[in-house]
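Listing of query10.cif; format and content: mmCIF, C-alpha atoms.
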data_protein
loop_
_atom_site.label_atom_id
_atom_site.label_comp_id
_atom_site.auth_asym_id
_atom_site.auth_seq_id
_atom_site.Cartn_x
_atom_site.Cartn_y
_atom_site.Cartn_z
CA THR P 1 -2.81 16.59 -0.03
CA LYS P 2 -2.07 14.27 2.87
CA PRO P 3 -3.52 16.28 5.79
CA VAL P 4 -6.78 16.68 3.88
CA SER P 5 -6.85 12.96 3.07
CA ALA P 6 -6.46 12.18 6.75
CA MET P 7 -9.41 14.49 7.45
CA VAL P 8 -11.48 12.69 4.80
CA ALA P 9 -10.75 9.33 6.41
CA ALA P 10 -11.47 10.69 9.88
CA ALA P 11 -14.77 12.19 8.73
CA ALA P 12 -15.69 8.84 7.18
CA ALA P 13 -14.94 7.20 10.52
CA GLU P 14 -17.24 9.65 12.31
CA GLU P 15 -19.99 8.64 9.87
CA GLY P 16 -19.40 4.99 10.74
CA LEU P 17 -18.22 4.19 7.22
CA VAL P 18 -14.75 2.96 8.23
CA ASP P 19 -12.83 2.06 11.37
CA LEU P 20 -9.43 3.77 11.55
CA GLU P 21 -8.16 1.07 13.92
CA ALA P 22 -9.27 -1.90 11.79
CA ASP P 23 -6.85 -3.99 9.73
CA ILE P 24 -7.07 -2.85 6.11
CA PHE P 25 -6.59 -6.41 4.88
CA ASP P 26 -10.11 -7.09 6.12
CA MET P 27 -11.33 -4.16 3.98
CA LEU P 28 -9.54 -4.78 0.68
CA VAL P 29 -11.47 -6.43 -2.15
CA THR P 30 -9.85 -5.41 -5.45
CA TRP P 31 -6.24 -6.05 -4.37
CA ARG P 32 -4.31 -8.45 -2.22
CA HIS P 33 -0.98 -8.01 -0.45
CA PRO P 34 1.42 -10.96 -0.27
CA PRO P 35 1.40 -12.71 3.13
CA LEU P 36 3.07 -10.67 5.87
CA GLN P 37 5.74 -11.94 8.25
CA TRP P 38 4.30 -9.88 11.12
CA ASP P 39 1.08 -10.24 13.10
CA ALA P 40 0.66 -6.54 13.84
CA PRO P 41 -2.35 -5.07 11.99
CA VAL P 42 -1.96 -2.54 9.19
CA THR P 43 -4.56 0.05 10.16
CA LEU P 44 -5.73 3.21 8.45
CA ARG P 45 -4.46 5.21 11.39
CA ARG P 46 -0.99 3.72 11.02
CA LEU P 47 -0.89 4.29 7.27
CA PHE P 48 -2.04 7.92 7.52
CA ALA P 49 0.51 8.45 10.32
CA HIS P 50 3.32 6.92 8.21
CA ARG P 51 3.66 4.10 10.74
CA GLY P 52 2.18 1.26 8.71
CA GLY P 53 5.51 -0.05 7.48
CA ALA P 54 4.76 0.78 3.84
CA ASN P 55 7.44 1.67 1.30
CA VAL P 56 7.50 4.16 -1.65
CA HIS P 57 8.07 7.74 -0.52
CA GLY P 58 6.33 9.56 -3.39
CA PHE P 59 5.30 9.56 -7.03
CA PRO P 60 6.41 11.38 -10.20
CA GLY P 61 2.92 11.53 -11.70
CA TYR P 62 1.95 11.11 -15.34
CA ARG P 63 2.14 13.36 -18.36
CA GLN P 64 -1.26 14.18 -19.79
CA ASP P 65 -0.59 11.95 -22.81
CA GLU P 66 0.15 8.90 -20.65
CA ILE P 67 -2.40 6.24 -19.79
CA LEU P 68 -3.32 6.39 -16.12
CA PRO P 69 -3.23 3.13 -14.15
CA THR P 70 -5.79 2.11 -11.56
CA PRO P 71 -4.85 2.51 -7.89
CA ALA P 72 -4.76 -1.30 -7.56
CA ALA P 73 -2.27 -1.47 -10.44
CA ILE P 74 -0.15 1.23 -8.77
CA LEU P 75 0.06 -0.94 -5.68
CA ASP P 76 1.58 -3.73 -7.76
CA GLY P 77 4.14 -1.33 -9.26
CA ILE P 78 4.35 0.67 -12.48
CA VAL P 79 7.46 0.50 -14.65
CA ASP P 80 9.50 3.73 -14.47
CA LYS P 81 7.05 5.16 -11.90
CA ASN P 82 7.05 3.24 -8.64
CA GLU P 83 8.14 -0.10 -7.26
CA PRO P 84 5.47 -2.43 -5.86
CA ILE P 85 3.97 -0.94 -2.71
CA ARG P 86 4.45 -3.35 0.14
CA ILE P 87 4.55 -3.51 3.93
CA SER P 88 8.32 -3.71 4.26
CA ALA P 89 8.68 -3.07 8.01
CA GLU P 90 6.74 -4.24 11.03
CA PRO P 91 3.60 -2.09 11.34
CA GLY P 92 3.63 0.31 14.25
CA THR P 93 7.33 0.09 15.05
CA LYS P 94 8.65 3.25 13.39
CA ARG P 95 7.66 6.35 11.45
CA ASP P 96 8.73 6.25 7.82
CA TYR P 97 7.17 8.69 5.33
CA SER P 98 5.22 6.76 2.73
CA GLY P 99 2.96 8.03 -0.03
CA GLY P 100 2.61 4.38 -0.94
CA GLY P 101 0.87 3.72 2.36
CA TYR P 102 -1.67 6.40 1.49
CA VAL P 103 -2.50 4.63 -1.78
CA MET P 104 -2.96 1.40 0.17
CA ALA P 105 -5.30 3.19 2.58
CA GLN P 106 -7.16 4.80 -0.31
CA VAL P 107 -7.87 1.48 -2.01
CA ALA P 108 -8.99 -0.07 1.28
CA ILE P 109 -11.42 2.81 1.92
CA GLU P 110 -12.79 2.76 -1.63
CA ASP P 111 -13.25 -1.03 -1.54
CA HIS P 112 -14.95 -0.93 1.85
CA ILE P 113 -17.30 2.00 1.23
CA GLY P 114 -17.88 1.50 -2.48
CA ILE P 115 -17.24 5.05 -3.71
CA THR P 116 -14.13 6.86 -4.91
CA PHE P 117 -11.93 8.79 -2.52
CA GLU P 118 -12.54 11.84 -4.70
CA SER P 119 -16.30 11.60 -4.14
CA LEU P 120 -15.85 10.95 -0.43
CA ALA P 121 -13.81 14.15 -0.10
CA GLU P 122 -16.49 16.12 -1.91
CA GLN P 123 -19.26 14.81 0.34
CA LEU P 124 -17.50 14.96 3.70
CA VAL P 125 -15.11 17.93 3.44
CA PHE P 126 -15.41 20.21 0.41
CA GLU P 127 -19.19 20.55 0.18
CA PRO P 128 -19.76 21.07 3.95
CA LEU P 129 -17.11 23.81 3.92
CA GLY P 130 -18.53 25.43 0.78
CA LEU P 131 -15.32 24.96 -1.21
CA VAL P 132 -15.78 25.31 -4.97
CA HIS P 133 -12.20 25.09 -6.28
CA SER P 134 -10.82 22.22 -4.19
CA THR P 135 -10.91 18.80 -5.81
CA TYR P 136 -9.10 15.48 -6.08
CA ARG P 137 -10.30 15.18 -9.67
CA ILE P 138 -7.73 14.46 -12.40
CA LEU P 139 -7.47 17.72 -14.32
CA GLU P 140 -7.33 17.55 -18.12
CA ALA P 141 -6.07 19.89 -20.84
CA ASP P 142 -9.48 21.63 -20.90
CA ASP P 143 -8.85 22.75 -17.31
CA ARG P 144 -5.77 24.78 -18.27
CA PRO P 145 -7.48 28.22 -18.00
CA ARG P 146 -8.05 27.65 -14.27
CA VAL P 147 -4.69 26.05 -13.44
CA ALA P 148 -1.46 27.71 -12.29
CA VAL P 149 0.78 25.79 -14.70
CA GLY P 150 3.81 24.13 -13.10
CA TYR P 151 7.39 25.19 -13.89
CA ARG P 152 10.88 23.79 -13.52
CA THR P 153 13.69 25.69 -11.83
CA ASP P 154 15.00 26.87 -15.21
CA GLY P 155 11.65 28.52 -15.99
CA SER P 156 10.46 25.89 -18.45
CA GLU P 157 6.92 24.57 -18.23
CA VAL P 158 6.40 21.05 -16.91
CA ALA P 159 6.55 18.87 -20.02
CA GLY P 160 3.55 16.90 -21.13
CA GLY P 161 0.83 19.48 -20.64
CA GLY P 162 1.96 21.92 -17.94
CA TRP P 163 1.33 19.64 -14.97
CA HIS P 164 1.34 15.97 -14.12
CA GLN P 165 -1.72 13.92 -13.31
CA TYR P 166 -1.73 11.87 -10.12
CA PRO P 167 -3.98 8.81 -9.99
CA GLU P 168 -2.44 8.31 -6.54
CA THR P 169 -5.38 10.24 -5.16
CA ALA P 170 -4.94 10.18 -1.38
CA PRO P 171 -1.24 11.14 -1.30
CA ALA P 172 -0.89 13.51 -4.23
CA SER P 173 -3.84 14.67 -6.32
CA LEU P 174 -5.42 17.59 -4.42
CA TRP P 175 -5.97 20.83 -6.36
CA THR P 176 -6.93 23.87 -4.29
CA THR P 177 -6.32 27.56 -3.67
CA PRO P 178 -4.51 29.14 -0.70
CA THR P 179 -7.77 30.62 0.58
CA GLU P 180 -9.69 27.36 0.42
CA TYR P 181 -6.85 25.37 1.94
CA ALA P 182 -6.72 27.89 4.76
CA GLY P 183 -10.43 27.25 5.28
CA ILE P 184 -9.74 23.54 5.72
CA VAL P 185 -6.96 24.18 8.23
CA ILE P 186 -9.08 26.71 10.13
CA ASP P 187 -11.90 24.19 10.41
CA VAL P 188 -9.76 21.47 12.00
CA MET P 189 -8.30 24.09 14.37
CA LYS P 190 -11.81 25.16 15.40
CA SER P 191 -12.72 21.54 16.07
CA HIS P 192 -9.59 20.98 18.13
CA VAL P 193 -9.88 24.10 20.29
CA GLY P 194 -13.62 24.48 20.81
CA ASP P 195 -15.54 21.66 19.12
CA VAL P 196 -17.04 24.21 16.71
CA GLY P 197 -15.61 22.94 13.43
CA THR P 198 -17.82 21.82 10.57
CA VAL P 199 -16.12 18.60 9.46
CA LEU P 200 -14.80 16.92 12.62
CA ASP P 201 -15.75 16.77 16.26
CA GLN P 202 -13.24 17.70 18.94
CA ALA P 203 -12.22 14.15 19.85
CA THR P 204 -11.43 13.35 16.22
CA ALA P 205 -9.43 16.56 15.74
CA GLU P 206 -7.43 15.74 18.85
CA TYR P 207 -6.90 12.23 17.45
CA LEU P 208 -5.39 13.66 14.25
CA LEU P 209 -3.31 16.36 15.96
CA ASP P 210 -1.90 14.24 18.78
CA PRO P 211 1.72 15.46 19.10
CA LEU P 212 2.87 11.97 20.07
CA TYR P 213 1.06 10.25 17.20
CA PRO P 214 0.02 12.80 14.57
CA VAL P 215 -2.12 11.51 11.71
CA GLY P 216 -1.77 13.25 8.34
CA PHE P 217 -0.38 16.47 9.82
CA GLY P 218 3.05 17.45 11.04
CA VAL P 219 2.62 18.47 14.68
CA THR P 220 5.04 20.25 17.03
CA ALA P 221 3.79 20.89 20.58
CA HIS P 222 5.14 23.40 23.06
CA SER P 223 3.88 24.56 26.43
CA ASP P 224 1.60 27.28 25.12
CA VAL P 225 0.98 26.46 21.48
CA THR P 226 0.61 23.55 19.09
CA TYR P 227 2.05 24.05 15.61
CA ILE P 228 0.61 22.05 12.73
CA GLY P 229 1.95 22.05 9.21
CA HIS P 230 2.99 20.19 6.10
CA LYS P 231 5.01 20.74 2.97
CA GLY P 232 3.97 19.53 -0.47
CA ALA P 233 5.98 18.54 -3.55
CA ASN P 234 4.58 17.54 -6.93
CA GLU P 235 6.29 17.99 -10.28
CA GLY P 236 6.39 21.76 -10.87
CA TYR P 237 4.87 22.66 -7.49
CA ARG P 238 6.08 23.25 -3.94
CA THR P 239 3.79 24.22 -1.07
CA GLU P 240 3.76 24.75 2.68
CA PHE P 241 1.37 25.64 5.46
CA LEU P 242 1.91 26.40 9.13
CA ALA P 243 -0.71 27.13 11.78
CA LEU P 244 -0.74 27.84 15.52
CA VAL P 245 -3.76 25.96 16.80
CA GLU P 246 -4.47 27.71 20.11
CA ARG P 247 -3.60 31.18 18.79
CA GLY P 248 -5.65 30.87 15.61
CA GLY P 249 -2.87 32.14 13.36
CA GLY P 250 -1.49 30.53 10.25
CA ILE P 251 -0.27 30.84 6.69
CA VAL P 252 -0.64 28.89 3.45
CA VAL P 253 1.84 29.36 0.60
CA LEU P 254 1.38 27.56 -2.73
CA THR P 255 3.92 27.92 -5.55
CA ASN P 256 4.11 26.61 -9.10
CA ASN P 257 7.86 26.02 -9.38
CA ASP P 258 10.21 23.22 -8.35
CA ALA P 259 12.29 25.79 -6.43
CA GLY P 260 9.24 27.02 -4.55
CA LEU P 261 10.27 25.88 -1.07
CA GLU P 262 12.91 28.59 -1.02
CA LEU P 263 10.04 31.07 -1.35
CA THR P 264 7.59 29.35 1.00
CA GLU P 265 10.12 29.16 3.81
CA ALA P 266 11.03 32.85 3.41
CA VAL P 267 7.37 33.90 3.39
CA VAL P 268 6.56 31.79 6.47
CA ASP P 269 9.52 33.34 8.30
CA ALA P 270 8.40 36.83 7.31
CA ALA P 271 4.87 36.16 8.54
CA ALA P 272 6.22 34.76 11.81
CA ASP P 273 8.23 37.94 12.34
CA GLU P 274 5.28 40.18 11.47
CA PHE P 275 2.84 38.43 13.81
CA GLY P 276 5.28 37.60 16.58
CA TRP P 277 5.07 33.81 16.35
CA PRO P 278 7.66 32.03 18.52
CA GLU P 279 10.35 30.44 16.39
CA GLN P 280 9.85 26.93 17.67
CA TRP P 281 7.97 25.18 14.90
CA SER P 282 8.91 22.40 12.56
CA THR P 283 7.03 21.59 9.35
CA PRO P 284 8.63 18.44 7.94
CA LEU P 285 7.26 16.94 4.76
CA TRP P 286 5.44 14.30 6.71
#
Go through the file and emit its structure as structure tokens.
Amino acid sequence: TKPVSAMVAAAAAEEGLVDLEADIFDMLVTWRHPPLQWDAPVTLRRLFAHRGGANVHGFPGYRQDEILPTPAAILDGIVDKNEPIRISAEPGTKRDYSGGGYVMAQVAIEDHIGITFESLAEQLVFEPLGLVHSTYRILEADDRPRVAVGYRTDGSEVAGGGWHQYPETAPASLWTTPTEYAGIVIDVMKSHVGDVGTVLDQATAEYLLDPLYPVGFGVTAHSDVTYIGHKGANEGYRTEFLALVERGGGIVVLTNNDAGLELTEAVVDAAADEFGWPEQWSTPLW
């Protein structure tokens, strides 16, 4: 979810709807953070790059029979789900993976623009790319016929409906297909290499894929190729993508099992062997 969320925010910035370098505390309306001990601003860029100093690595989601909290309530902490999301380190000083920071960024964007992150993604990314299956929408029981139900490592279905719901939209709630996700990755690669992408211009793509300060994506740069990638982990699902920006190659692997990363890594390695990709990449979770 996170690379796409960074693209959504970047596209919103291109439209003049948000400033990725502005302090989010000037954007927030529905929620307030306790006073900080640091003067450094907490910007959208820092939060999407995991450099905003935010805590909370990830989220367990909610069974389909559980009441879903608002994003603002999530920021203040949900019993048995997540501790209060706070800026616990000086912004900009280190990289520390934080899904909590993405929720903070999400609420700031929604407050500032006045529409949901889900709707923003539809308008700025999914509709321009002609994607019909990709959505941040919370899927309900009626959606089961079109969902690859999630499974545990013992083969049992994820309890509570077959998958968990994630009101933590920006870090965790994307539903998609391998083909459509590949389309998203291809588009940002086109923007980066030749300024011919649909969603972003070249300067913005370079901003996201800066090897020294990647935003949303994992980026590994070598002399002749830039690798971008990310792994994903929700309850009952494990995913991974890897792409070689200048060469135009890549692979997306989505699985519906908690043990799926064993499969994704093997498939990525097999593809790398088949297509002769240099074995120099790294696709950390962040």
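Minimum distance to Ala182 in chain P across P:Ile87, P:Leu44, P:Leu254, P:Val267 (counting all atoms listed in the file) occurs at P:Leu254.
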>> At a cut-off of 7 Å, using only C-alpha atoms, what residues contact Arg45 in chain P? Leave out same-chain residues fewer than 5 positions from it and give the result as a list in words.
In response: Leu20, Glu21 and Val215 of chain P
>> Quick one: residues within 12 Å of Pro128 in chain P, only C-alpha atoms, excluding same-chain residues fewer than 2 positions away - as a VMD selection string?
In response: chain P and resid 8 11 120 to 126 130 to 132 183 to 184 187 197 to 200
Convert the current residue selection to file output with C-alpha atoms, as a tab-separated table (two decimals), in the coordinates of the input.
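Output file again22.tsv follows:
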chain	number	residue	atom	x	y	z
P	8	VAL	CA	-11.48	12.69	4.80
P	11	ALA	CA	-14.77	12.19	8.73
P	120	LEU	CA	-15.85	10.95	-0.43
P	121	ALA	CA	-13.81	14.15	-0.10
P	122	GLU	CA	-16.49	16.12	-1.91
P	123	GLN	CA	-19.26	14.81	0.34
P	124	LEU	CA	-17.50	14.96	3.70
P	125	VAL	CA	-15.11	17.93	3.44
P	126	PHE	CA	-15.41	20.21	0.41
P	130	GLY	CA	-18.53	25.43	0.78
P	131	LEU	CA	-15.32	24.96	-1.21
P	132	VAL	CA	-15.78	25.31	-4.97
P	183	GLY	CA	-10.43	27.25	5.28
P	184	ILE	CA	-9.74	23.54	5.72
P	187	ASP	CA	-11.90	24.19	10.41
P	197	GLY	CA	-15.61	22.94	13.43
P	198	THR	CA	-17.82	21.82	10.57
P	199	VAL	CA	-16.12	18.60	9.46
P	200	LEU	CA	-14.80	16.92	12.62
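The nearest approach to Thr176 in chain P among the residues P:Val158, P:Ile74, P:Val147, P:Val193, with only C-alpha atoms taken into account, belongs to P:Val147.
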> Which of these, P:Glu240, P:Ser5, P:Ala141, P:Thr93, has the shortest distance to Glu118 in chain P once you count only C-alpha atoms?
Replying inline: P:Ser5
>> Residues near range 108-112 of chain P, anyone? I mean within 10 Å using all atoms listed in the file, not counting same-chain ones fewer than 5 positions away, as a PyMOL selection string.
In response: chain P and resi 9+12+17-20+23-31+43-44+72+102-103+117-120
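When CA of His133 in chain P is paired with CA of Ser173 in chain P, their separation reads 13.4 Å.
Atom pair CA of Gly218 in chain P / CA of Lys2 in chain P: separated by 10.2 Å.
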Surrounding residues of Ser134 in chain P excluding itself and chain neighbours under 6 positions, 8 Å, all atoms listed in the file, as a compact mmCIF listing (two decimals) with C-alpha atoms, keeping the file's coordinate frame:
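Below is the file that was written, result-v7.txt:
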# COMPACT_ATOMS: atom_id res chain seq x y z
CA PHE P 126 -15.41 20.21 0.41
CA LEU P 174 -5.42 17.59 -4.42
CA TRP P 175 -5.97 20.83 -6.36
CA THR P 176 -6.93 23.87 -4.29
CA THR P 177 -6.32 27.56 -3.67
CA GLU P 180 -9.69 27.36 0.42
CA TYR P 181 -6.85 25.37 1.94
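Nearest to Pro167 in chain P of all the residues P:Thr226, P:Gln106, P:Thr255, P:Ser98 is P:Gln106, counting all atoms listed in the file.
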> Care to translate the PyMOL selection byres ((chain P and resi 46-63) around 7) into actual residues of this file, as a PyMOL selection string?
Replying inline: chain P and resi 6+42-45+64-66+81-82+85-102+105+160-161+164-166+214-216+235
>> Once the PyMOL selection byres ((chain P and resi 251) around 8) is applied to the coordinates I shared, what remains selected? I want it as a PyMOL selection string.
In response: chain P and resi 182+241-243+249-250+252-253+268+271
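Comparing P:Asn256, P:Gln37, P:Gln202, P:Ser191 by their smallest distance to Gly155 in chain P, the closest is P:Asn256 (using all atoms listed in the file).
Nearest residue to Arg137 in chain P, choosing from P:Ile113, P:Ala40, P:Ala172, P:Val149 and counting all atoms listed in the file: P:Ala172.
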Box for range 139-148 of chain P - axis-aligned, 3 Å on each of the six sides, all listed atoms - centre and size in Å to one decimal, as JSON.
{"center_x": -5.5, "center_y": 22.9, "center_z": -16.6, "size_x": 14.0, "size_y": 16.7, "size_z": 14.6}
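Taking CA of Glu14 in chain P and CA of Trp38 in chain P as the two end points, the separation is 29.1 Å.
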Leaving out Leu261 in chain P and any residue of its chain fewer than 2 positions from it, which residues lie within 10 Å of it when counting only C-alpha atoms, given as a PDB file with C-alpha atoms, keeping the file's coordinate frame?
ATOM      1  CA  LYS P 231       5.010  20.740   2.970  1.00  0.00           C
ATOM      2  CA  GLY P 232       3.970  19.530  -0.470  1.00  0.00           C
ATOM      3  CA  ALA P 233       5.980  18.540  -3.550  1.00  0.00           C
ATOM      4  CA  TYR P 237       4.870  22.660  -7.490  1.00  0.00           C
ATOM      5  CA  ARG P 238       6.080  23.250  -3.940  1.00  0.00           C
ATOM      6  CA  THR P 239       3.790  24.220  -1.070  1.00  0.00           C
ATOM      7  CA  GLU P 240       3.760  24.750   2.680  1.00  0.00           C
ATOM      8  CA  VAL P 253       1.840  29.360   0.600  1.00  0.00           C
ATOM      9  CA  LEU P 254       1.380  27.560  -2.730  1.00  0.00           C
ATOM     10  CA  THR P 255       3.920  27.920  -5.550  1.00  0.00           C
ATOM     11  CA  ASN P 257       7.860  26.020  -9.380  1.00  0.00           C
ATOM     12  CA  ASP P 258      10.210  23.220  -8.350  1.00  0.00           C
ATOM     13  CA  ALA P 259      12.290  25.790  -6.430  1.00  0.00           C
ATOM     14  CA  LEU P 263      10.040  31.070  -1.350  1.00  0.00           C
ATOM     15  CA  THR P 264       7.590  29.350   1.000  1.00  0.00           C
ATOM     16  CA  GLU P 265      10.120  29.160   3.810  1.00  0.00           C
ATOM     17  CA  ALA P 266      11.030  32.850   3.410  1.00  0.00           C
ATOM     18  CA  VAL P 267       7.370  33.900   3.390  1.00  0.00           C
TER      19      VAL P 267
END
